[in-house]
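Enquirer: Quick one, entry17.cif (mmCIF, C-alpha atoms):
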data_coords
#
loop_
_atom_site.label_atom_id
_atom_site.label_comp_id
_atom_site.auth_asym_id
_atom_site.auth_seq_id
_atom_site.Cartn_x
_atom_site.Cartn_y
_atom_site.Cartn_z
CA MET A 1 -14.63 2.30 15.41
CA PRO A 2 -16.11 5.16 17.48
CA ASN A 3 -17.48 8.17 15.59
CA ASN A 4 -15.51 10.57 17.82
CA LEU A 5 -12.16 8.95 17.04
CA LYS A 6 -9.42 11.58 16.74
CA LEU A 7 -6.73 10.60 14.24
CA PRO A 8 -3.30 12.26 14.42
CA GLU A 9 -2.70 15.36 12.32
CA ILE A 10 -0.77 14.76 9.11
CA LYS A 11 2.62 16.46 9.33
CA PRO A 12 5.19 17.07 6.58
CA SER A 13 7.42 14.08 5.85
CA ARG A 14 10.40 16.23 6.90
CA TYR A 15 9.52 17.55 10.35
CA ASP A 16 10.84 17.71 13.90
CA PHE A 17 8.93 14.79 15.38
CA GLY A 18 11.02 14.78 18.54
CA ARG A 19 13.91 12.72 19.85
CA THR A 20 14.43 9.12 20.92
CA ASP A 21 14.85 8.37 24.59
CA LYS A 22 18.55 8.44 25.55
CA THR A 23 18.25 5.03 27.23
CA TYR A 24 17.71 3.24 23.89
CA PHE A 25 20.75 4.43 21.90
CA GLY A 26 22.92 6.25 24.44
CA ALA A 27 21.96 9.60 22.90
CA MET A 28 18.81 11.49 22.00
CA ILE A 29 18.56 10.93 18.24
CA PRO A 30 16.36 13.34 16.28
CA ILE A 31 13.35 11.87 14.46
CA ALA A 32 13.28 14.17 11.44
CA SER A 33 11.37 12.20 8.82
CA LEU A 34 8.43 9.83 8.63
CA VAL A 35 7.23 8.28 5.40
CA SER A 36 5.49 4.99 4.64
CA ASP A 37 7.16 2.32 2.54
CA GLN A 38 4.83 2.98 -0.42
CA GLY A 39 5.18 6.76 -0.01
CA ALA A 40 8.94 6.41 0.01
CA SER A 41 8.75 4.22 -3.09
CA ILE A 42 6.65 6.70 -5.07
CA TYR A 43 8.83 9.63 -3.95
CA GLY A 44 12.14 7.83 -4.52
CA CYS A 45 11.16 6.69 -8.02
CA GLY A 46 10.17 10.20 -9.07
CA CYS A 47 6.44 9.49 -9.48
CA SER A 48 5.61 13.07 -8.54
CA SER A 49 3.19 13.94 -11.36
CA LYS A 50 -0.55 13.32 -11.32
CA GLY A 51 -1.33 10.03 -13.05
CA THR A 52 2.05 8.40 -12.48
CA VAL A 53 1.91 4.86 -11.12
CA ARG A 54 4.31 2.84 -9.01
CA LEU A 55 3.95 -0.91 -8.69
CA THR A 56 5.97 -2.31 -5.79
CA LEU A 57 6.56 -6.05 -5.64
CA GLY A 58 7.84 -7.88 -2.61
CA THR A 59 6.12 -9.99 0.01
CA GLY A 60 3.03 -8.08 -1.12
CA THR A 61 2.12 -6.17 -4.25
CA PHE A 62 1.14 -2.52 -4.00
CA LEU A 63 -0.16 -0.28 -6.76
CA SER A 64 0.05 3.45 -6.01
CA TYR A 65 -1.65 5.85 -8.46
CA ASN A 66 -0.65 9.48 -7.88
CA THR A 67 -3.75 11.69 -7.59
CA LEU A 68 -1.60 14.63 -6.47
CA ASN A 69 -3.65 17.01 -4.29
CA LEU A 70 -7.01 15.17 -4.41
CA PRO A 71 -7.75 12.14 -2.25
CA HIS A 72 -9.55 9.61 -4.44
CA ALA A 73 -11.61 6.70 -3.26
CA SER A 74 -13.15 4.19 -5.60
CA ILE A 75 -15.67 1.42 -5.25
CA SER A 76 -13.35 -0.86 -7.20
CA GLY A 77 -11.02 -1.44 -4.27
CA LEU A 78 -8.49 1.40 -4.38
CA TYR A 79 -8.25 3.41 -1.19
CA PRO A 80 -6.94 6.97 -0.71
CA THR A 81 -3.84 7.61 1.35
CA VAL A 82 -1.21 10.31 1.79
CA ALA A 83 2.03 9.23 0.12
CA TYR A 84 4.10 12.07 1.56
CA GLN A 85 3.87 15.74 2.42
CA GLU A 86 6.26 18.53 1.50
CA SER A 87 5.67 21.72 3.52
CA GLU A 88 1.90 22.15 3.35
CA LYS A 89 1.45 20.18 0.09
CA LYS A 90 0.05 16.69 0.65
CA VAL A 91 0.53 14.19 -2.18
CA PHE A 92 -2.27 11.63 -2.31
CA VAL A 93 -2.34 8.25 -4.00
CA ALA A 94 -5.09 5.79 -4.71
CA GLU A 95 -3.64 2.51 -3.55
CA GLY A 96 -4.50 -1.13 -4.00
CA SER A 97 -2.73 -4.04 -2.40
CA SER A 98 -2.38 -7.75 -2.20
CA THR A 99 -0.37 -8.71 0.86
CA ASP A 100 0.03 -12.31 -0.22
CA THR A 101 2.09 -12.17 -3.41
CA GLY A 102 5.18 -13.84 -1.97
CA PRO A 103 3.35 -16.59 -0.05
CA ILE A 104 1.13 -17.33 -3.07
CA LEU A 105 4.14 -17.77 -5.36
CA ASP A 106 5.82 -20.00 -2.78
CA TRP A 107 2.61 -22.07 -2.50
CA CYS A 108 2.43 -22.46 -6.31
CA LYS A 109 6.06 -23.61 -6.37
CA ARG A 110 5.42 -26.15 -3.57
CA LEU A 111 2.44 -27.47 -5.60
CA GLY A 112 4.87 -28.09 -8.48
CA LEU A 113 3.35 -25.52 -10.86
CA PHE A 114 6.89 -24.35 -11.63
CA ASP A 115 10.43 -25.14 -10.51
CA ASP A 116 12.02 -21.72 -10.79
CA TYR A 117 10.50 -18.27 -10.26
CA LYS A 118 11.99 -17.23 -13.61
CA GLU A 119 9.41 -19.49 -15.30
CA ILE A 120 6.40 -17.45 -14.12
CA THR A 121 6.38 -14.90 -16.95
CA THR A 122 6.59 -17.60 -19.63
CA ILE A 123 3.76 -19.55 -18.00
CA ILE A 124 1.53 -16.47 -17.76
CA GLN A 125 2.22 -15.45 -21.36
CA SER A 126 1.40 -18.96 -22.59
CA VAL A 127 -2.28 -18.61 -21.58
CA GLU A 128 -4.24 -17.13 -24.47
CA ASP A 129 -7.59 -16.98 -22.69
CA SER A 130 -8.45 -17.84 -19.07
CA ASP A 131 -12.07 -18.47 -20.12
CA GLY A 132 -13.26 -16.30 -17.23
CA VAL A 133 -11.25 -18.11 -14.57
CA PHE A 134 -9.18 -15.98 -12.21
CA PHE A 135 -7.53 -16.43 -8.85
CA ILE A 136 -8.40 -14.26 -5.84
CA PRO A 137 -5.34 -14.02 -3.57
CA ALA A 138 -6.97 -14.16 -0.15
CA PHE A 139 -4.51 -16.17 1.91
CA SER A 140 -4.79 -13.62 4.72
CA GLY A 141 -8.38 -12.59 4.08
CA LEU A 142 -10.26 -10.40 1.66
CA GLN A 143 -9.10 -6.93 2.54
CA VAL A 144 -12.38 -5.05 2.33
CA SER A 145 -11.53 -1.43 1.82
CA PHE A 146 -12.72 1.30 4.17
CA LEU A 147 -14.92 2.79 1.44
CA ILE A 148 -16.68 -0.49 0.62
CA TRP A 149 -17.42 -0.99 4.34
CA LEU A 150 -18.92 2.50 4.60
CA LEU A 151 -21.00 1.99 1.45
CA LEU A 152 -22.38 -1.29 2.78
CA PHE A 153 -22.87 -0.46 6.44
CA GLY A 154 -22.57 3.35 6.76
CA THR A 155 -20.55 3.19 9.98
CA PHE A 156 -17.89 1.31 11.93
CA SER A 157 -19.71 1.43 15.26
#
The structure given in the file should be rewritten as structure tokens.

Expert:
Amino acid sequence: MPNNLKLPEIKPSRYDFGRTDKTYFGAMIPIASLVSDQGASIYGCGCSSKGTVRLTLGTGTFLSYNTLNLPHASISGLYPTVAYQESEKKVFVAEGSSTDTGPILDWCKRLGLFDDYKEITTIIQSVEDSDGVFFIPAFSGLQVSFLIWLLLFGTFS
């Protein structure tokens, strides 16, 4: 990544971003809001206070920890991102993700580890001690965070 890379300016989530081209929908439709799926989740669930957490489960699993007005990066894998912006107030979250939750559960089912997804909680709760064994969900790679890369190599170039 070049050092002179210019990223777009962060705008409020409610903003006049322009209009669609008339050829696509037969009319110029206003684009008046942009928000990420995790930002929408944290906003829609009312996680607006510092320290609130939203865990979103789907194809992937995403943990969003509201840090309010301070971007927070950690060396433990959470990365800072803007959840949404109201007027001039940006709301930051420290986020961690595993994009493979759904495929991993499907794989476990195909291996015969369970027959029904409803069994997963009972199976997990039946293990008293993993004896230090844990599973790293890396079906689509180990998603090295931006911060870890900078700490190790100091640059993207």

Enquirer: Using all atoms listed in the file, find each residue in region 44-137 of chain A having at least one atom no more than 8 Å away from region 12-27 of chain A; report its shortest atom-to-atom pair and that distance in Å (one decimal), rows by chain then rising number, as a tab-separated table.

Expert:
residue	atom	partner	partner_atom	distance
A:Tyr84	CA	A:Ser13	CA	5.8
A:Gln85	CA	A:Pro12	CA	4.6
A:Glu86	CA	A:Pro12	CA	5.4
A:Ser87	CA	A:Pro12	CA	5.6
A:Glu88	CA	A:Pro12	CA	6.9
A:Lys90	CA	A:Pro12	CA	7.9

Enquirer: Hey, can you check how far CA of Arg54 (chain A) sits from CA of Val127 (chain A)?

Expert: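 We find that CA of Arg54 (chain A) and CA of Val127 (chain A) lie 25.7 Å from each other.
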
Enquirer: Could you state which residues are captured by the PyMOL selection byres ((chain A and resi 68) around 12) in this file, as a count of residues only?

Expert: 30

Enquirer: Tell me, in Å to one decimal, how far CA of Ala73 (chain A) is from CA of Thr101 (chain A).

Expert: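 CA of Thr101 (chain A) lies 23.3 Å from CA of Ala73 (chain A).
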
Enquirer: What does the distance from CA of Ser140 (chain A) to CA of Ser126 (chain A) come to in Å, to one decimal?

Expert: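 Taking CA of Ser140 (chain A) and CA of Ser126 (chain A), their separation equals 28.5 Å.
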
Enquirer: Determine the residue set returned by the PyMOL selection byres ((chain A and resi 117-123) around 12) for the present structure, and present it as a ChimeraX atom specification.

Expert: /A:102,104-110,112-116,124-128

Enquirer: Can you work out which one of A:Gln38, A:Thr61, A:Ser130, A:Asn3 has the shortest atom-to-atom distance to Thr99 (chain A), counting only C-alpha atoms?

Expert: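 Between A:Gln38, A:Thr61, A:Ser130, A:Asn3, the residue approaching Thr99 (chain A) most closely is A:Thr61.
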
Enquirer: Determine the residue set returned by the PyMOL selection byres ((chain A and resi 62) around 7) for the present structure, and present it as a PDB file with C-alpha atoms, in the coordinates of the input.

Expert:
ATOM      1  CA  LEU A  55       3.950  -0.910  -8.690  1.00  0.00           C
ATOM      2  CA  THR A  56       5.970  -2.310  -5.790  1.00  0.00           C
ATOM      3  CA  LEU A  57       6.560  -6.050  -5.640  1.00  0.00           C
ATOM      4  CA  GLY A  60       3.030  -8.080  -1.120  1.00  0.00           C
ATOM      5  CA  THR A  61       2.120  -6.170  -4.250  1.00  0.00           C
ATOM      6  CA  LEU A  63      -0.160  -0.280  -6.760  1.00  0.00           C
ATOM      7  CA  SER A  64       0.050   3.450  -6.010  1.00  0.00           C
ATOM      8  CA  GLU A  95      -3.640   2.510  -3.550  1.00  0.00           C
ATOM      9  CA  GLY A  96      -4.500  -1.130  -4.000  1.00  0.00           C
ATOM     10  CA  SER A  97      -2.730  -4.040  -2.400  1.00  0.00           C
ATOM     11  CA  SER A  98      -2.380  -7.750  -2.200  1.00  0.00           C
TER      12      SER A  98
END
